[in-house]
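Participant: Got query_11.cif for you, mmCIF, C-alpha atoms:
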```cif
data_data
loop_
_atom_site.label_atom_id
_atom_site.label_comp_id
_atom_site.auth_asym_id
_atom_site.auth_seq_id
_atom_site.Cartn_x
_atom_site.Cartn_y
_atom_site.Cartn_z
CA MET A 1 8.35 17.11 10.26
CA LYS A 2 7.24 17.63 6.65
CA ILE A 3 6.30 14.50 4.71
CA SER A 4 6.16 13.65 0.99
CA ALA A 5 2.61 12.18 1.22
CA ARG A 6 0.48 14.44 -1.00
CA ASN A 7 -2.73 14.05 0.99
CA GLN A 8 -2.92 15.52 4.51
CA ILE A 9 -6.55 16.15 5.36
CA LYS A 10 -7.49 17.90 8.61
CA GLY A 11 -10.40 16.65 10.72
CA THR A 12 -11.59 15.62 14.18
CA ILE A 13 -11.30 12.10 15.62
CA LYS A 14 -14.78 10.68 16.08
CA SER A 15 -13.97 7.19 17.36
CA VAL A 16 -11.05 4.94 18.28
CA THR A 17 -11.76 1.18 18.22
CA LYS A 18 -8.99 -1.05 19.51
CA GLY A 19 -8.53 -4.70 18.53
CA GLN A 20 -5.78 -6.96 19.86
CA THR A 21 -3.09 -5.52 17.55
CA THR A 22 -4.93 -3.20 15.13
CA SER A 23 -7.10 -0.12 15.80
CA HIS A 24 -9.63 1.65 13.61
CA ILE A 25 -9.82 5.43 13.75
CA GLN A 26 -12.73 7.42 12.36
CA LEU A 27 -11.88 11.00 11.42
CA GLU A 28 -14.65 13.47 10.59
CA VAL A 29 -13.78 15.88 7.76
CA ASN A 30 -16.53 18.31 6.68
CA GLY A 31 -19.21 15.76 7.54
CA THR A 32 -17.42 12.90 5.74
CA ILE A 33 -15.92 10.00 7.75
CA ILE A 34 -12.41 8.84 6.83
CA THR A 35 -11.45 5.45 8.33
CA ALA A 36 -7.85 4.54 9.14
CA SER A 37 -6.52 1.15 10.22
CA ILE A 38 -3.34 1.63 12.27
CA THR A 39 -1.41 -0.23 14.98
CA ASN A 40 -2.42 -0.06 18.66
CA GLU A 41 1.13 1.15 19.36
CA ALA A 42 0.52 4.21 17.17
CA VAL A 43 -2.73 4.99 19.00
CA ASP A 44 -0.92 4.85 22.34
CA ASP A 45 2.16 6.71 21.08
CA LEU A 46 0.11 9.62 19.66
CA ASN A 47 -2.42 9.33 22.52
CA LEU A 48 -5.32 9.47 20.02
CA LYS A 49 -8.72 10.23 21.54
CA PRO A 50 -12.18 11.20 20.22
CA GLY A 51 -12.60 14.98 19.93
CA GLN A 52 -8.95 15.59 19.06
CA ASN A 53 -7.89 17.42 15.88
CA ALA A 54 -5.86 15.19 13.58
CA TYR A 55 -4.88 14.63 9.94
CA ALA A 56 -5.53 11.71 7.64
CA VAL A 57 -2.26 11.24 5.73
CA ILE A 58 -2.39 9.25 2.47
CA LYS A 59 0.33 8.61 -0.14
CA ALA A 60 -0.86 9.49 -3.68
CA SER A 61 0.02 5.99 -4.93
CA ASP A 62 -2.55 4.57 -2.48
CA VAL A 63 -5.45 6.58 -3.92
CA MET A 64 -7.64 5.06 -6.65
CA ILE A 65 -10.19 6.90 -8.78
CA ALA A 66 -13.70 5.58 -9.48
CA VAL A 67 -16.55 6.86 -11.63
CA ASP A 68 -20.26 5.99 -11.60
CA MET B 69 -19.85 -2.90 -8.06
CA LYS B 70 -19.56 -2.38 -4.30
CA ILE B 71 -16.05 -2.42 -2.85
CA SER B 72 -14.67 -3.13 0.63
CA ALA B 73 -12.50 0.04 0.67
CA ARG B 74 -13.88 2.12 3.56
CA ASN B 75 -13.10 5.50 2.01
CA GLN B 76 -14.98 6.62 -1.11
CA ILE B 77 -14.93 10.39 -1.29
CA LYS B 78 -16.89 12.23 -3.99
CA GLY B 79 -15.37 15.18 -5.83
CA THR B 80 -14.62 16.76 -9.20
CA ILE B 81 -11.51 16.07 -11.29
CA LYS B 82 -9.43 19.24 -11.49
CA SER B 83 -6.44 18.01 -13.49
CA VAL B 84 -5.05 14.94 -15.24
CA THR B 85 -1.26 14.90 -15.75
CA LYS B 86 0.10 12.04 -17.81
CA GLY B 87 3.65 10.72 -17.60
CA GLN B 88 5.04 7.89 -19.72
CA THR B 89 3.40 5.15 -17.61
CA THR B 90 1.93 6.91 -14.56
CA SER B 91 -0.66 9.72 -14.33
CA HIS B 92 -1.49 12.09 -11.50
CA ILE B 93 -5.12 13.02 -10.92
CA GLN B 94 -6.19 15.96 -8.77
CA LEU B 95 -9.69 15.64 -7.34
CA GLU B 96 -11.35 18.65 -5.67
CA VAL B 97 -13.44 17.74 -2.60
CA ASN B 98 -15.01 20.66 -0.70
CA GLY B 99 -12.10 22.92 -1.62
CA THR B 100 -9.48 20.31 -0.64
CA ILE B 101 -7.32 18.69 -3.34
CA ILE B 102 -6.81 14.90 -3.18
CA THR B 103 -3.98 13.60 -5.40
CA ALA B 104 -4.01 10.10 -6.89
CA SER B 105 -1.19 8.38 -8.75
CA ILE B 106 -2.65 5.78 -11.14
CA THR B 107 -1.69 4.05 -14.40
CA ASN B 108 -2.17 5.74 -17.79
CA GLU B 109 -4.23 2.68 -18.78
CA ALA B 110 -6.72 3.44 -16.00
CA VAL B 111 -7.02 7.07 -17.16
CA ASP B 112 -7.78 5.90 -20.70
CA ASP B 113 -10.07 3.06 -19.59
CA LEU B 114 -12.21 5.33 -17.35
CA ASN B 115 -11.80 8.24 -19.81
CA LEU B 116 -10.93 10.60 -16.94
CA LYS B 117 -11.14 14.32 -17.79
CA PRO B 118 -11.13 17.58 -15.81
CA GLY B 119 -14.64 18.67 -14.77
CA GLN B 120 -15.89 15.11 -14.35
CA ASN B 121 -17.43 13.85 -11.09
CA ALA B 122 -15.38 11.03 -9.56
CA TYR B 123 -14.51 9.33 -6.27
CA ALA B 124 -11.22 8.97 -4.47
CA VAL B 125 -11.19 5.38 -3.18
CA ILE B 126 -8.76 4.52 -0.37
CA LYS B 127 -8.35 1.31 1.66
CA ALA B 128 -8.42 1.97 5.44
CA SER B 129 -5.06 0.23 5.89
CA ASP B 130 -3.48 2.87 3.62
CA VAL B 131 -4.57 5.80 5.83
CA MET B 132 -2.21 7.12 8.51
CA ILE B 133 -3.12 9.55 11.30
CA ALA B 134 -0.98 12.55 12.25
CA VAL B 135 -1.25 15.16 15.00
CA ASP B 136 0.38 18.57 15.35
CA MET C 137 3.69 16.86 13.03
CA LYS C 138 3.78 13.40 14.61
CA ILE C 139 2.59 10.52 12.43
CA SER C 140 1.19 7.06 13.20
CA ALA C 141 3.57 5.30 10.75
CA ARG C 142 5.70 3.01 12.96
CA ASN C 143 8.85 3.21 10.82
CA GLN C 144 10.73 6.50 10.57
CA ILE C 145 14.34 5.79 9.66
CA LYS C 146 16.89 8.61 9.53
CA GLY C 147 19.44 8.80 6.71
CA THR C 148 21.04 10.96 4.04
CA ILE C 149 19.66 11.45 0.52
CA LYS C 150 22.11 9.92 -1.96
CA SER C 151 20.25 10.51 -5.23
CA VAL C 152 17.08 12.04 -6.65
CA THR C 153 15.99 10.70 -10.08
CA LYS C 154 13.05 12.48 -11.67
CA GLY C 155 10.76 10.91 -14.27
CA GLN C 156 7.83 12.69 -15.92
CA THR C 157 5.51 12.28 -12.91
CA THR C 158 7.34 9.96 -10.47
CA SER C 159 10.74 10.36 -8.78
CA HIS C 160 12.99 7.81 -7.12
CA ILE C 161 14.88 8.81 -3.99
CA GLN C 162 17.79 6.82 -2.60
CA LEU C 163 18.38 7.31 1.12
CA GLU C 164 21.55 5.98 2.73
CA VAL C 165 21.03 4.57 6.23
CA ASN C 166 24.10 3.03 7.92
CA GLY C 167 25.50 1.94 4.55
CA THR C 168 22.16 0.46 3.41
CA ILE C 169 20.22 2.10 0.55
CA ILE C 170 16.46 2.58 0.99
CA THR C 171 14.60 3.43 -2.24
CA ALA C 172 11.41 5.51 -2.25
CA SER C 173 9.10 6.15 -5.21
CA ILE C 174 7.27 9.47 -4.68
CA THR C 175 5.65 12.18 -6.80
CA ASN C 176 7.70 14.93 -8.48
CA GLU C 177 5.47 17.42 -6.65
CA ALA C 178 6.66 16.06 -3.29
CA VAL C 179 10.31 16.36 -4.39
CA ASP C 180 9.73 20.00 -5.34
CA ASP C 181 7.61 20.77 -2.26
CA LEU C 182 10.18 19.37 0.19
CA ASN C 183 13.07 20.61 -2.01
CA LEU C 184 14.80 17.23 -1.75
CA LYS C 185 18.47 17.21 -2.76
CA PRO C 186 21.41 14.80 -2.42
CA GLY C 187 23.36 15.30 0.81
CA GLN C 188 20.30 16.33 2.81
CA ASN C 189 19.24 14.55 6.02
CA ALA C 190 15.82 12.92 5.66
CA TYR C 191 13.65 10.08 6.97
CA ALA C 192 12.19 7.07 5.22
CA VAL C 193 8.64 6.78 6.61
CA ILE C 194 6.87 3.42 6.19
CA LYS C 195 3.50 2.21 7.56
CA ALA C 196 3.82 -1.12 9.40
CA SER C 197 1.14 -2.70 7.18
CA ASP C 198 3.42 -2.11 4.17
CA VAL C 199 6.32 -4.13 5.60
CA MET C 200 6.67 -7.82 4.74
CA ILE C 201 8.98 -10.32 6.44
CA ALA C 202 11.14 -12.81 4.52
CA VAL C 203 13.46 -15.60 5.64
CA ASP C 204 16.23 -17.45 3.75
CA MET D 205 12.97 -16.49 -5.21
CA LYS D 206 14.12 -13.03 -6.24
CA ILE D 207 11.56 -10.22 -5.80
CA SER D 208 11.13 -6.79 -7.42
CA ALA D 209 10.74 -4.99 -4.05
CA ARG D 210 13.71 -2.59 -3.87
CA ASN D 211 14.08 -2.71 -0.10
CA GLN D 212 15.22 -5.94 1.56
CA ILE D 213 16.80 -5.11 4.89
CA LYS D 214 18.45 -7.85 6.98
CA GLY D 215 17.92 -7.98 10.75
CA THR D 216 16.98 -10.14 13.72
CA ILE D 217 13.41 -10.74 14.93
CA LYS D 218 13.01 -9.17 18.37
CA SER D 219 9.34 -9.86 19.06
CA VAL D 220 6.26 -11.54 17.57
CA THR D 221 2.89 -10.29 18.90
CA LYS D 222 -0.16 -12.20 17.71
CA GLY D 223 -3.67 -10.76 17.58
CA GLN D 224 -6.74 -12.71 16.42
CA THR D 225 -5.93 -12.30 12.70
CA THR D 226 -2.97 -9.88 12.52
CA SER D 227 0.51 -10.13 14.05
CA HIS D 228 3.14 -7.47 14.66
CA ILE D 229 6.79 -8.34 14.11
CA GLN D 230 9.65 -6.23 15.42
CA LEU D 231 12.90 -6.63 13.48
CA GLU D 232 16.13 -5.17 14.87
CA VAL D 233 18.42 -3.70 12.20
CA ASN D 234 21.63 -2.04 13.44
CA GLY D 235 19.90 -0.93 16.65
CA THR D 236 16.82 0.40 14.80
CA ILE D 237 13.45 -1.38 15.18
CA ILE D 238 11.40 -1.97 12.01
CA THR D 239 7.76 -2.95 12.69
CA ALA D 240 5.77 -5.14 10.29
CA SER D 241 2.06 -5.91 10.43
CA ILE D 242 1.41 -9.27 8.75
CA THR D 243 -1.17 -12.09 8.90
CA ASN D 244 -1.03 -14.79 11.60
CA GLU D 245 -0.97 -17.32 8.77
CA ALA D 246 2.31 -15.85 7.49
CA VAL D 247 3.82 -16.05 11.00
CA ASP D 248 2.87 -19.74 11.23
CA ASP D 249 3.88 -20.53 7.64
CA LEU D 250 7.35 -18.99 8.02
CA ASN D 251 7.57 -20.16 11.65
CA LEU D 252 8.76 -16.71 12.75
CA LYS D 253 10.34 -16.57 16.21
CA PRO D 254 12.39 -14.05 18.21
CA GLY D 255 16.14 -14.42 17.66
CA GLN D 256 15.75 -15.55 14.04
CA ASN D 257 17.46 -13.74 11.15
CA ALA D 258 14.94 -12.24 8.73
CA TYR D 259 14.45 -9.47 6.17
CA ALA D 260 12.07 -6.54 6.13
CA VAL D 261 10.85 -6.35 2.51
CA ILE D 262 9.27 -3.06 1.36
CA LYS D 263 8.11 -1.97 -2.11
CA ALA D 264 9.63 1.43 -3.12
CA SER D 265 6.14 2.87 -3.76
CA ASP D 266 5.30 2.29 -0.07
CA VAL D 267 8.19 4.44 1.20
CA MET D 268 7.63 8.14 1.94
CA ILE D 269 10.31 10.76 2.59
CA ALA D 270 10.14 13.29 5.43
CA VAL D 271 12.37 16.17 6.44
CA ASP D 272 12.65 18.07 9.74
CA MET E 273 13.83 -16.63 0.12
CA LYS E 274 10.36 -17.26 1.59
CA ILE E 275 8.17 -14.18 2.05
CA SER E 276 5.20 -13.40 4.31
CA ALA E 277 3.05 -12.05 1.44
CA ARG E 278 0.06 -14.42 1.26
CA ASN E 279 -0.47 -14.11 -2.48
CA GLN E 280 2.15 -15.53 -4.85
CA ILE E 281 0.49 -16.28 -8.18
CA LYS E 282 2.46 -18.00 -10.96
CA GLY E 283 2.15 -16.84 -14.56
CA THR E 284 4.00 -15.80 -17.70
CA ILE E 285 5.17 -12.25 -18.47
CA LYS E 286 3.25 -10.94 -21.47
CA SER E 287 4.63 -7.41 -21.71
CA VAL E 288 7.14 -5.04 -20.11
CA THR E 289 6.49 -1.31 -20.68
CA LYS E 290 9.18 1.04 -19.41
CA GLY E 291 8.60 4.69 -18.52
CA GLN E 292 11.29 7.07 -17.28
CA THR E 293 11.28 5.68 -13.72
CA THR E 294 8.32 3.26 -13.53
CA SER E 295 7.58 0.12 -15.59
CA HIS E 296 4.34 -1.78 -16.09
CA ILE E 297 4.46 -5.57 -16.26
CA GLN E 298 1.59 -7.67 -17.56
CA LEU E 299 1.55 -11.24 -16.24
CA GLU E 300 -0.78 -13.82 -17.79
CA VAL E 301 -2.30 -16.23 -15.27
CA ASN E 302 -4.81 -18.78 -16.64
CA GLY E 303 -5.96 -16.32 -19.30
CA THR E 304 -6.28 -13.43 -16.82
CA ILE E 305 -3.89 -10.45 -17.00
CA ILE E 306 -2.39 -9.16 -13.74
CA THR E 307 -0.74 -5.72 -14.02
CA ALA E 308 2.16 -4.66 -11.79
CA SER E 309 3.70 -1.21 -11.52
CA ILE E 310 7.34 -1.54 -10.40
CA THR E 311 10.59 0.44 -10.70
CA ASN E 312 12.76 0.28 -13.82
CA GLU E 313 15.61 -0.79 -11.54
CA ALA E 314 13.66 -3.90 -10.52
CA VAL E 315 13.00 -4.76 -14.19
CA ASP E 316 16.73 -4.50 -14.95
CA ASP E 317 17.80 -6.29 -11.76
CA LEU E 318 15.50 -9.28 -12.36
CA ASN E 319 16.05 -9.04 -16.14
CA LEU E 320 12.29 -9.33 -16.75
CA LYS E 321 11.30 -10.17 -20.33
CA PRO E 322 8.13 -11.30 -22.11
CA GLY E 323 7.74 -15.10 -22.18
CA GLN E 324 9.44 -15.59 -18.82
CA ASN E 325 7.75 -17.43 -15.93
CA ALA E 326 7.21 -15.16 -12.94
CA TYR E 327 5.04 -14.62 -9.86
CA ALA E 328 2.74 -11.76 -8.93
CA VAL E 329 3.36 -11.21 -5.20
CA ILE E 330 0.71 -9.27 -3.25
CA LYS E 331 0.42 -8.59 0.50
CA ALA E 332 -3.02 -9.57 1.87
CA SER E 333 -3.55 -6.06 3.27
CA ASP E 334 -3.36 -4.68 -0.29
CA VAL E 335 -6.27 -6.82 -1.56
CA MET E 336 -9.81 -5.43 -1.52
CA ILE E 337 -13.02 -7.40 -2.07
CA ALA E 338 -15.85 -6.23 -4.35
CA VAL E 339 -19.27 -7.65 -5.12
CA ASP E 340 -21.65 -6.94 -8.02
CA MET F 341 -19.00 2.04 -10.12
CA LYS F 342 -15.90 1.60 -12.31
CA ILE F 343 -12.56 1.79 -10.53
CA SER F 344 -9.02 2.62 -11.70
CA ALA F 345 -7.49 -0.46 -10.02
CA ARG F 346 -6.09 -2.56 -12.89
CA ASN F 347 -6.66 -5.94 -11.23
CA GLN F 348 -10.20 -7.16 -10.67
CA ILE F 349 -10.16 -10.94 -10.44
CA LYS F 350 -13.43 -12.88 -10.18
CA GLY F 351 -13.75 -15.82 -7.78
CA THR F 352 -15.80 -17.43 -5.02
CA ILE F 353 -15.44 -16.65 -1.33
CA LYS F 354 -14.15 -19.76 0.46
CA SER F 355 -13.81 -18.46 4.01
CA VAL F 356 -14.38 -15.36 6.15
CA THR F 357 -12.34 -15.20 9.39
CA LYS F 358 -13.17 -12.31 11.70
CA GLY F 359 -10.77 -10.88 14.27
CA GLN F 360 -11.59 -8.02 16.64
CA THR F 361 -11.14 -5.31 13.99
CA THR F 362 -9.66 -7.08 10.92
CA SER F 363 -11.05 -9.97 8.85
CA HIS F 364 -9.33 -12.32 6.43
CA ILE F 365 -11.18 -13.37 3.29
CA GLN F 366 -10.10 -16.32 1.14
CA LEU F 367 -11.25 -16.10 -2.46
CA GLU F 368 -10.92 -19.13 -4.74
CA VAL F 369 -9.96 -18.25 -8.33
CA ASN F 370 -9.40 -21.20 -10.70
CA GLY F 371 -8.15 -23.37 -7.83
CA THR F 372 -5.82 -20.64 -6.49
CA ILE F 373 -6.56 -18.97 -3.15
CA ILE F 374 -6.26 -15.18 -2.93
CA THR F 375 -6.18 -13.82 0.65
CA ALA F 376 -7.49 -10.35 1.52
CA SER F 377 -7.17 -8.54 4.85
CA ILE F 378 -10.03 -6.04 5.21
CA THR F 379 -11.99 -4.35 8.02
CA ASN F 380 -14.82 -6.11 9.84
CA GLU F 381 -17.01 -3.14 8.85
CA ALA F 382 -16.46 -3.94 5.17
CA VAL F 383 -17.39 -7.60 5.74
CA ASP F 384 -20.63 -6.51 7.41
CA ASP F 385 -21.36 -3.76 4.89
CA LEU F 386 -20.94 -6.05 1.86
CA ASN F 387 -22.45 -9.00 3.80
CA LEU F 388 -19.59 -11.27 2.66
CA LYS F 389 -20.24 -15.00 3.11
CA PRO F 390 -18.60 -18.24 1.90
CA GLY F 391 -20.01 -19.43 -1.43
CA GLN F 392 -20.62 -15.92 -2.73
CA ASN F 393 -19.15 -14.64 -6.02
CA ALA F 394 -16.77 -11.73 -5.47
CA TYR F 395 -13.76 -9.95 -6.94
CA ALA F 396 -10.27 -9.44 -5.57
CA VAL F 397 -9.42 -5.82 -6.45
CA ILE F 398 -5.72 -4.83 -6.41
CA LYS F 399 -4.03 -1.57 -7.45
CA ALA F 400 -1.15 -2.17 -9.91
CA SER F 401 1.29 -0.29 -7.65
CA ASP F 402 0.65 -2.93 -4.94
CA VAL F 403 1.75 -5.85 -7.13
CA MET F 404 5.37 -7.05 -7.04
CA ILE F 405 7.03 -9.46 -9.47
CA ALA F 406 9.24 -12.36 -8.38
CA VAL F 407 11.25 -14.94 -10.34
CA ASP F 408 12.70 -18.29 -9.24
#
```
If you convert what's in this file into structure tokens, what do you get?
Facilitator:
Amino acid sequence: MKISARNQIKGTIKSVTKGQTTSHIQLEVNGTIITASITNEAVDDLNLKPGQNAYAVIKASDVMIAVD
Amino acid sequence: MKISARNQIKGTIKSVTKGQTTSHIQLEVNGTIITASITNEAVDDLNLKPGQNAYAVIKASDVMIAVD
Amino acid sequence: MKISARNQIKGTIKSVTKGQTTSHIQLEVNGTIITASITNEAVDDLNLKPGQNAYAVIKASDVMIAVD
Amino acid sequence: MKISARNQIKGTIKSVTKGQTTSHIQLEVNGTIITASITNEAVDDLNLKPGQNAYAVIKASDVMIAVD
Amino acid sequence: MKISARNQIKGTIKSVTKGQTTSHIQLEVNGTIITASITNEAVDDLNLKPGQNAYAVIKASDVMIAVD
Amino acid sequence: MKISARNQIKGTIKSVTKGQTTSHIQLEVNGTIITASITNEAVDDLNLKPGQNAYAVIKASDVMIAVD
């Protein structure tokens, strides 16, 4: 499957923290941590585990720009 | 200002493409391009220009995870 | 690629309307139209055209519920 | 109330799963399940229950397109 | 229609700026301007015009918190 | 830090409700409550507490418009 989301950043899953309905995934990309908040169902469905290669996928309209 | 968004990734603006109301910003981060779709008003207000240091800011709930 | 987004709805592209930076895609799913606003770059990259089979992909945290 | 969100898809609530702050709603639309992640307060306020007719409401800028 | 989105803020439309596919709406709420980026189709469908009463509707998961 | 998000609304934190992974923040702005759903990590990182001044930050593309 090829998706329209402009940002697909490859990394390694560092942690998976499950809540009652929502999980937090930390993905390490070149020493930077990207945090994703996704459903528990998605974690189970994709069988996400620390150490696994994965992509952070982000729609361009969800990215803001900041300057110092 | 300190913001709750978990993802604040530092890079350099590579391009600014303006439409009639919406602009696309390409930010280079360690050789990876992150694309942001923001308002023209924000581009003018922050005076965004290629070559400038900037951050991509992304709320954790807007990040998806994909696997091959 | 398998993605965490819980909603992946199959349909047929009915129209592609390009603006200067942002395109609107209409996807027909069982007689219902789903509208997506995506970048022109994504339209070009995926070579989206009317008549093509495609999926609307939506993160669960972007879905609201309404009642009459 | 009439809302700008382009996607308002009618279905029947199949399940309501409450976490500590966030609930997941499954809406059945023509045999397809649409999953929404909303606040517990919204579930209580709208008194959402399985079997009830409801709409999935999605802003066009939150819809991505994927192809096989 | 009653919607799950937790934030429904009443104001008066101050301006409607149309691009080729995307419009920007400025809503005045107690002297504060709230800016919305929506499709041209939504502007036409709701017949949005300056001077009109309207609501800014925002899902709780799209709100960030910042401190000085 | 200056951010592209068009909506930065000043108020006072009224409540902080923590779940297992996701917190809800209520911000009072001129008598109106704005609700934000953010990660527990952000609450801890910004040390958010009732009574504190804070901003609700919202990207324009996440704001919808509704009319009666």
Participant: Determine the residue membership of the PyMOL selection byres ((chain E) within 7 of (chain F)) for the file above and supply it as a list in words.
Facilitator: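 Evaluating the PyMOL selection byres ((chain E) within 7 of (chain F)) on this file yields Arg278, Asn279, Ile306, Thr307, Ala308, Ser309, Ile310, Ala326, Tyr327, Ala328, Val329, Ile330, Ala332, Ser333, Asp334, Val335, Met336, Ile337, Ala338 and Val339 of chain E.
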Participant: Using only C-alpha atoms, please write the residues we just selected to a file, as a PDB file, in the frame of the given file.
Facilitator:
```
ATOM      1  CA  ARG E 278       0.060 -14.420   1.260  1.00  0.00           C
ATOM      2  CA  ASN E 279      -0.470 -14.110  -2.480  1.00  0.00           C
ATOM      3  CA  ILE E 306      -2.390  -9.160 -13.740  1.00  0.00           C
ATOM      4  CA  THR E 307      -0.740  -5.720 -14.020  1.00  0.00           C
ATOM      5  CA  ALA E 308       2.160  -4.660 -11.790  1.00  0.00           C
ATOM      6  CA  SER E 309       3.700  -1.210 -11.520  1.00  0.00           C
ATOM      7  CA  ILE E 310       7.340  -1.540 -10.400  1.00  0.00           C
ATOM      8  CA  ALA E 326       7.210 -15.160 -12.940  1.00  0.00           C
ATOM      9  CA  TYR E 327       5.040 -14.620  -9.860  1.00  0.00           C
ATOM     10  CA  ALA E 328       2.740 -11.760  -8.930  1.00  0.00           C
ATOM     11  CA  VAL E 329       3.360 -11.210  -5.200  1.00  0.00           C
ATOM     12  CA  ILE E 330       0.710  -9.270  -3.250  1.00  0.00           C
ATOM     13  CA  ALA E 332      -3.020  -9.570   1.870  1.00  0.00           C
ATOM     14  CA  SER E 333      -3.550  -6.060   3.270  1.00  0.00           C
ATOM     15  CA  ASP E 334      -3.360  -4.680  -0.290  1.00  0.00           C
ATOM     16  CA  VAL E 335      -6.270  -6.820  -1.560  1.00  0.00           C
ATOM     17  CA  MET E 336      -9.810  -5.430  -1.520  1.00  0.00           C
ATOM     18  CA  ILE E 337     -13.020  -7.400  -2.070  1.00  0.00           C
ATOM     19  CA  ALA E 338     -15.850  -6.230  -4.350  1.00  0.00           C
ATOM     20  CA  VAL E 339     -19.270  -7.650  -5.120  1.00  0.00           C
TER      21      VAL E 339
END
```
Participant: Can you provide chain A as a CSV table (one decimal) with C-alpha atoms, keeping the file's coordinate frame, superposed onto chain F by least squares across all C-alpha atoms matched in order?
Facilitator:
```
chain,number,residue,atom,x,y,z
A,1,MET,CA,-19.0,2.0,-10.1
A,2,LYS,CA,-15.9,1.6,-12.3
A,3,ILE,CA,-12.6,1.8,-10.5
A,4,SER,CA,-9.0,2.6,-11.7
A,5,ALA,CA,-7.5,-0.5,-10.0
A,6,ARG,CA,-6.1,-2.6,-12.9
A,7,ASN,CA,-6.6,-5.9,-11.2
A,8,GLN,CA,-10.2,-7.2,-10.7
A,9,ILE,CA,-10.2,-10.9,-10.4
A,10,LYS,CA,-13.4,-12.9,-10.2
A,11,GLY,CA,-13.8,-15.8,-7.8
A,12,THR,CA,-15.8,-17.4,-5.0
A,13,ILE,CA,-15.4,-16.7,-1.3
A,14,LYS,CA,-14.2,-19.8,0.5
A,15,SER,CA,-13.8,-18.5,4.0
A,16,VAL,CA,-14.4,-15.4,6.2
A,17,THR,CA,-12.3,-15.2,9.4
A,18,LYS,CA,-13.2,-12.3,11.7
A,19,GLY,CA,-10.8,-10.9,14.3
A,20,GLN,CA,-11.6,-8.0,16.6
A,21,THR,CA,-11.1,-5.3,14.0
A,22,THR,CA,-9.7,-7.1,10.9
A,23,SER,CA,-11.1,-10.0,8.8
A,24,HIS,CA,-9.3,-12.3,6.4
A,25,ILE,CA,-11.2,-13.4,3.3
A,26,GLN,CA,-10.1,-16.3,1.2
A,27,LEU,CA,-11.3,-16.1,-2.5
A,28,GLU,CA,-10.9,-19.1,-4.7
A,29,VAL,CA,-10.0,-18.3,-8.3
A,30,ASN,CA,-9.4,-21.2,-10.7
A,31,GLY,CA,-8.1,-23.4,-7.9
A,32,THR,CA,-5.8,-20.7,-6.5
A,33,ILE,CA,-6.6,-19.0,-3.1
A,34,ILE,CA,-6.3,-15.2,-2.9
A,35,THR,CA,-6.2,-13.8,0.7
A,36,ALA,CA,-7.5,-10.4,1.5
A,37,SER,CA,-7.2,-8.6,4.8
A,38,ILE,CA,-10.0,-6.1,5.2
A,39,THR,CA,-12.0,-4.3,8.0
A,40,ASN,CA,-14.8,-6.1,9.8
A,41,GLU,CA,-17.0,-3.1,8.8
A,42,ALA,CA,-16.4,-3.9,5.2
A,43,VAL,CA,-17.4,-7.6,5.7
A,44,ASP,CA,-20.6,-6.5,7.4
A,45,ASP,CA,-21.4,-3.7,4.9
A,46,LEU,CA,-20.9,-6.1,1.9
A,47,ASN,CA,-22.5,-9.0,3.8
A,48,LEU,CA,-19.6,-11.3,2.7
A,49,LYS,CA,-20.2,-15.0,3.1
A,50,PRO,CA,-18.6,-18.2,1.9
A,51,GLY,CA,-20.0,-19.4,-1.4
A,52,GLN,CA,-20.6,-15.9,-2.7
A,53,ASN,CA,-19.1,-14.7,-6.0
A,54,ALA,CA,-16.8,-11.7,-5.5
A,55,TYR,CA,-13.8,-9.9,-7.0
A,56,ALA,CA,-10.3,-9.4,-5.6
A,57,VAL,CA,-9.4,-5.8,-6.5
A,58,ILE,CA,-5.7,-4.8,-6.4
A,59,LYS,CA,-4.0,-1.6,-7.5
A,60,ALA,CA,-1.1,-2.2,-9.9
A,61,SER,CA,1.3,-0.3,-7.6
A,62,ASP,CA,0.7,-2.9,-4.9
A,63,VAL,CA,1.8,-5.9,-7.1
A,64,MET,CA,5.4,-7.0,-7.0
A,65,ILE,CA,7.0,-9.5,-9.5
A,66,ALA,CA,9.2,-12.4,-8.4
A,67,VAL,CA,11.3,-14.9,-10.3
A,68,ASP,CA,12.7,-18.3,-9.2
```
Participant: Do you have the atom CA of F:Ser363-atom CA of A:Lys14 distance handy?
Facilitator: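 Taking atom CA of F:Ser363 and atom CA of A:Lys14, their separation equals 22.2 Å.
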Participant: Please compute the atom CA of C:Gln156-atom CA of B:Ser83 distance, one decimal, in Å.
Facilitator: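 Atom CA of B:Ser83 lies 15.4 Å from atom CA of C:Gln156.
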Participant: Distance atom CA of E:Asp316-atom CA of E:Thr289, one decimal place?
Facilitator: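 Going from atom CA of E:Asp316 over to atom CA of E:Thr289, I get 12.2 Å.
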Participant: Report, as JSON, the centre and edge lengths in Å (one decimal) of the axis-aligned box enclosing every listed atom of stretch 280-295 of chain E, padded by 6 Å on each side.
Facilitator:
```
{"center_x": 5.9, "center_y": -5.5, "center_z": -13.3, "size_x": 22.8, "size_y": 37.1, "size_z": 28.9}
```
